[in-house]
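Trainee: So that we are looking at the same thing, I have put the structure below in structure tokens.
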Amino acid sequence: MTPTTAEKKETNRRINVGSAAVLLIGMSLVGQVLGFLRTKLVNGNFPAVGPHSTDAYFAAFSIPDFFFFTLAAGALGVAFMPALSDHLHKNDRKGVWELATWLLNMLAVIMTAVGVIMFVFAGPLIHHVVAPSLQGEQFNTAVTIMRLIAFNPLLFTISGIITSVQQTLGRFFFYAIAPLFYNLSIIVSIYAFKHNIGLVGLGIGAAVGAVLQLIVVFIGNYKLNFHYRPRINWKSHEFKSILANLPARSIDQGIDQVNSVVETHIASSLSQGSITYYNNAYVLSTAPILLIGTAISTAAFPRLNQHLSQGRPDLFRKDFLKILRVMIWLSAPLVVVCFFARGYLARLIFTQGNGQIAAIFGFLTAAIFFRILYSIMSRWFYAQRDTRTPLLVSVFTIGLNIFLAYHLARRTSYDVEGLALAQSLVATIEVLVLGTIMLYRDSKLFDREFVSGIWRIVSVTGFSVVAGFTAVTLYPLNLNDKGFLVLGSKLTAIAVAVLGTHILISALFDLDEVRPLFKRLKGFVFKSVRID
């Protein structure tokens, strides 16, 4: 297919990995702030214990999330985007959209059926699978919320397929901003319904938010020549290839969600409020993972696919190592801040200042670091259309996580904190196993230059740890510290101390990762301004 002049110009205007990463990190930061605010407002307006406990709210989302990530999310990126990249390399936009509509139609039918199942069997799913301890009004609330969001996975699936195409074509803006409307809708629902239908209103907010997110995504199709056709070409070789890769990735995602459901089940068997406390800590932990891991790896994935489509494994290796180093350099000080500021963050997200959330989050900090690394390391396999290896590793590690969770999360052991400890242990093992397999397949991957750079980053992080400890000593968390002004000022002081130290020592060590920062800063400070 011969591309039009307009399509060629549009392709040439696609933003590079750095610009896409900056956009996604910026929007992800806004999204995480909204997500943090959403959880904080839920905590502040509804109790963690009692008949109106937020345990019901958090439990209701487990099964919908499970079905979405199991049946749809596996196809949206790693099993789908490499095929799109091949078509784009041939300037075949029509083929890109054809593949997208075939997959959209197939998954829409499946997710509609799943939505019906969740709506009809919400009660048994809550009682027998997610949270057997929920009784009376708590149980009824959880069932109602699940029914309200039963078709959210369908809406997210449609949004995900369309944004996968947009990312492949270099359009990241609408992918980045669409989730903001979902969080805003839930936040609005807190105040709209808290004095009448209570927690159930949050289910309405989530349902409306999913619709708004889809509308924003559709707006992103402007001038992309999207034409919907209600058909599926089952004979297409590429479509069959996507379907062949889909089961492994879907099972991989599904296993992760099984783990989440199991953790909710275990937490429900502990003291009342454990589901809420663990979910609060988990929300805190996902913020840096999404901010650094998901944002950067999402921006880089089309580029990695493109190198392999062009038959340039050398450029694929070079870019992968560069991105991996940047992510290690960025995540190290972030994890240091999370660890030393865990009490401050817990006090912010949970108004009453629950110490158990801080303890859980502290155990999750190692998982944060290794989940960030996993986000790009897994894409090393996915770009090569290998979904089986990450699946097999996940089967092993998730099985290990469930085993550890059952034994560590006992009242006679670590209680609910044991779930977090199991997460960190397993995340570490998972990255080490994947790294070993990668090195076995490509013995030149982690070369001497890369290892040397990592050791220097580790050395720099040592200074960041000292800075974090010193900052916490100078600005301790006092019993009466509350509110954004007090807690925010102390958090800022700790973050500035750690990040400032990390950047300055990185410059002294002449790390490659810090050079672009100083180059841009120098250009901004010394840039001449033309005066007419």
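As shown in the structure tokens, the chain order sets the letters A, B, ...; within each chain, residues go from 1, and ligands are also counted from 1 in the order they appear.
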As a ChimeraX atom specification, please: every residue in segment 388-435 of chain A that DSSP puts in alpha helix (DSSP H).

Mentor: /A:388-408,417-435

Trainee: Let me see the file: selected residues, N, CA and C atoms, as a tab-separated table (two decimals), in the first residue's frame.

Mentor:
```tsv
chain	number	residue	atom	x	y	z
A	388	ARG	N	5.88	-16.82	26.12
A	388	ARG	CA	5.90	-18.06	26.91
A	388	ARG	C	6.87	-17.98	28.08
A	389	THR	N	8.06	-17.42	27.83
A	389	THR	CA	9.07	-17.36	28.90
A	389	THR	C	8.60	-16.55	30.10
A	390	PRO	N	8.11	-15.30	29.90
A	390	PRO	CA	7.59	-14.57	31.06
A	390	PRO	C	6.44	-15.31	31.75
A	391	LEU	N	5.64	-16.05	30.96
A	391	LEU	CA	4.55	-16.81	31.56
A	391	LEU	C	5.08	-17.88	32.51
A	392	LEU	N	6.04	-18.66	32.03
A	392	LEU	CA	6.58	-19.74	32.85
A	392	LEU	C	7.24	-19.19	34.12
A	393	VAL	N	7.94	-18.08	33.97
A	393	VAL	CA	8.56	-17.46	35.15
A	393	VAL	C	7.49	-16.97	36.11
A	394	SER	N	6.41	-16.38	35.56
A	394	SER	CA	5.33	-15.88	36.41
A	394	SER	C	4.61	-17.01	37.13
A	395	VAL	N	4.40	-18.13	36.44
A	395	VAL	CA	3.75	-19.28	37.09
A	395	VAL	C	4.54	-19.70	38.32
A	396	PHE	N	5.86	-19.77	38.16
A	396	PHE	CA	6.71	-20.15	39.28
A	396	PHE	C	6.68	-19.12	40.40
A	397	THR	N	6.88	-17.83	40.04
A	397	THR	CA	6.99	-16.80	41.07
A	397	THR	C	5.65	-16.50	41.76
A	398	ILE	N	4.55	-16.53	41.00
A	398	ILE	CA	3.25	-16.28	41.64
A	398	ILE	C	2.87	-17.44	42.55
A	399	GLY	N	3.19	-18.66	42.11
A	399	GLY	CA	2.96	-19.81	42.99
A	399	GLY	C	3.75	-19.66	44.28
A	400	LEU	N	5.00	-19.21	44.14
A	400	LEU	CA	5.83	-18.97	45.31
A	400	LEU	C	5.25	-17.87	46.17
A	401	ASN	N	4.72	-16.82	45.54
A	401	ASN	CA	4.15	-15.71	46.28
A	401	ASN	C	2.93	-16.14	47.10
A	402	ILE	N	2.07	-16.95	46.48
A	402	ILE	CA	0.88	-17.44	47.20
A	402	ILE	C	1.29	-18.30	48.39
A	403	PHE	N	2.30	-19.16	48.16
A	403	PHE	CA	2.81	-20.01	49.25
A	403	PHE	C	3.35	-19.15	50.40
A	404	LEU	N	4.18	-18.17	50.06
A	404	LEU	CA	4.77	-17.31	51.08
A	404	LEU	C	3.69	-16.47	51.78
A	405	ALA	N	2.72	-15.98	50.97
A	405	ALA	CA	1.67	-15.13	51.55
A	405	ALA	C	0.88	-15.90	52.61
A	406	TYR	N	0.51	-17.14	52.31
A	406	TYR	CA	-0.26	-17.93	53.27
A	406	TYR	C	0.53	-18.18	54.56
A	407	HIS	N	1.84	-18.34	54.44
A	407	HIS	CA	2.65	-18.65	55.62
A	407	HIS	C	3.11	-17.40	56.37
A	408	LEU	N	3.34	-16.30	55.65
A	408	LEU	CA	3.84	-15.08	56.30
A	408	LEU	C	2.71	-14.21	56.82
A	417	GLU	N	1.21	-7.54	57.03
A	417	GLU	CA	2.50	-7.13	56.48
A	417	GLU	C	3.19	-8.26	55.74
A	418	GLY	N	2.82	-9.50	56.07
A	418	GLY	CA	3.42	-10.66	55.41
A	418	GLY	C	3.11	-10.69	53.92
A	419	LEU	N	1.94	-10.15	53.52
A	419	LEU	CA	1.61	-10.08	52.10
A	419	LEU	C	2.62	-9.21	51.36
A	420	ALA	N	3.00	-8.10	51.98
A	420	ALA	CA	3.97	-7.19	51.37
A	420	ALA	C	5.37	-7.81	51.33
A	421	LEU	N	5.74	-8.48	52.39
A	421	LEU	CA	7.06	-9.14	52.43
A	421	LEU	C	7.15	-10.19	51.34
A	422	ALA	N	6.09	-10.96	51.16
A	422	ALA	CA	6.08	-11.97	50.10
A	422	ALA	C	6.21	-11.32	48.73
A	423	GLN	N	5.53	-10.20	48.51
A	423	GLN	CA	5.61	-9.47	47.24
A	423	GLN	C	7.05	-9.07	46.93
A	424	SER	N	7.74	-8.52	47.90
A	424	SER	CA	9.12	-8.04	47.67
A	424	SER	C	10.07	-9.20	47.39
A	425	LEU	N	9.93	-10.29	48.15
A	425	LEU	CA	10.80	-11.45	47.92
A	425	LEU	C	10.60	-12.01	46.52
A	426	VAL	N	9.35	-12.13	46.12
A	426	VAL	CA	9.04	-12.73	44.83
A	426	VAL	C	9.43	-11.81	43.68
A	427	ALA	N	9.23	-10.50	43.82
A	427	ALA	CA	9.61	-9.55	42.78
A	427	ALA	C	11.12	-9.60	42.52
A	428	THR	N	11.88	-9.74	43.60
A	428	THR	CA	13.34	-9.85	43.46
A	428	THR	C	13.73	-11.11	42.70
A	429	ILE	N	13.15	-12.21	43.09
A	429	ILE	CA	13.45	-13.50	42.45
A	429	ILE	C	13.06	-13.47	40.98
A	430	GLU	N	11.90	-12.89	40.67
A	430	GLU	CA	11.41	-12.85	39.29
A	430	GLU	C	12.37	-12.11	38.37
A	431	VAL	N	12.87	-10.97	38.82
A	431	VAL	CA	13.80	-10.19	37.99
A	431	VAL	C	15.13	-10.94	37.83
A	432	LEU	N	15.60	-11.57	38.88
A	432	LEU	CA	16.85	-12.33	38.79
A	432	LEU	C	16.72	-13.50	37.81
A	433	VAL	N	15.58	-14.17	37.83
A	433	VAL	CA	15.36	-15.30	36.91
A	433	VAL	C	15.29	-14.81	35.47
A	434	LEU	N	14.54	-13.75	35.22
A	434	LEU	CA	14.44	-13.20	33.87
A	434	LEU	C	15.80	-12.73	33.37
A	435	GLY	N	16.55	-12.05	34.25
A	435	GLY	CA	17.88	-11.58	33.86
A	435	GLY	C	18.81	-12.72	33.50
```

Trainee: Quick one: everything within 9 Å of Arg347 of chain A, counting only C-alpha atoms, minus sequence neighbours fewer than 2 positions away in the same chain. Send it as number ranges by chain.

Mentor: A: 342-345, 349-355, 357-358, 481-483, 487

Trainee: Name the closest residue to Met111 of chain A among the candidates A:Phe58, A:Phe67, A:Tyr374, A:Tyr182; distances are taken between atoms, counting only C-alpha atoms.

Mentor: A:Phe67

Trainee: For a test of reading the model, state the distance in Å between atom CA of Ile360 of chain A and atom CA of Thr473 of chain A, rounded to one decimal.

Mentor: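 Calculated distance between atom CA of Ile360 of chain A and atom CA of Thr473 of chain A is 21.4 Å.
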
Trainee: Counting only C-alpha atoms, which residue out of A:Phe68, A:Phe46, A:Met377, A:Ile503 sits closest to His195 of chain A?

Mentor: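 Among A:Phe68, A:Phe46, A:Met377, A:Ile503, it is A:Phe46 that comes nearest to His195 of chain A.
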
Trainee: Name the residues in contact with Leu511 of chain A at a cut-off of 12 Å, using only C-alpha atoms, excluding same-chain residues fewer than 4 positions from it; report them as number ranges by chain.

Mentor: A: 322, 325-326, 329, 449-450, 452-460, 502-507, 515-518

Trainee: Just give me the gap between atom CA of Glu137 of chain A and atom CA of Leu125 of chain A in Å, one decimal is fine.

Mentor: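 The value is 16.1 Å.
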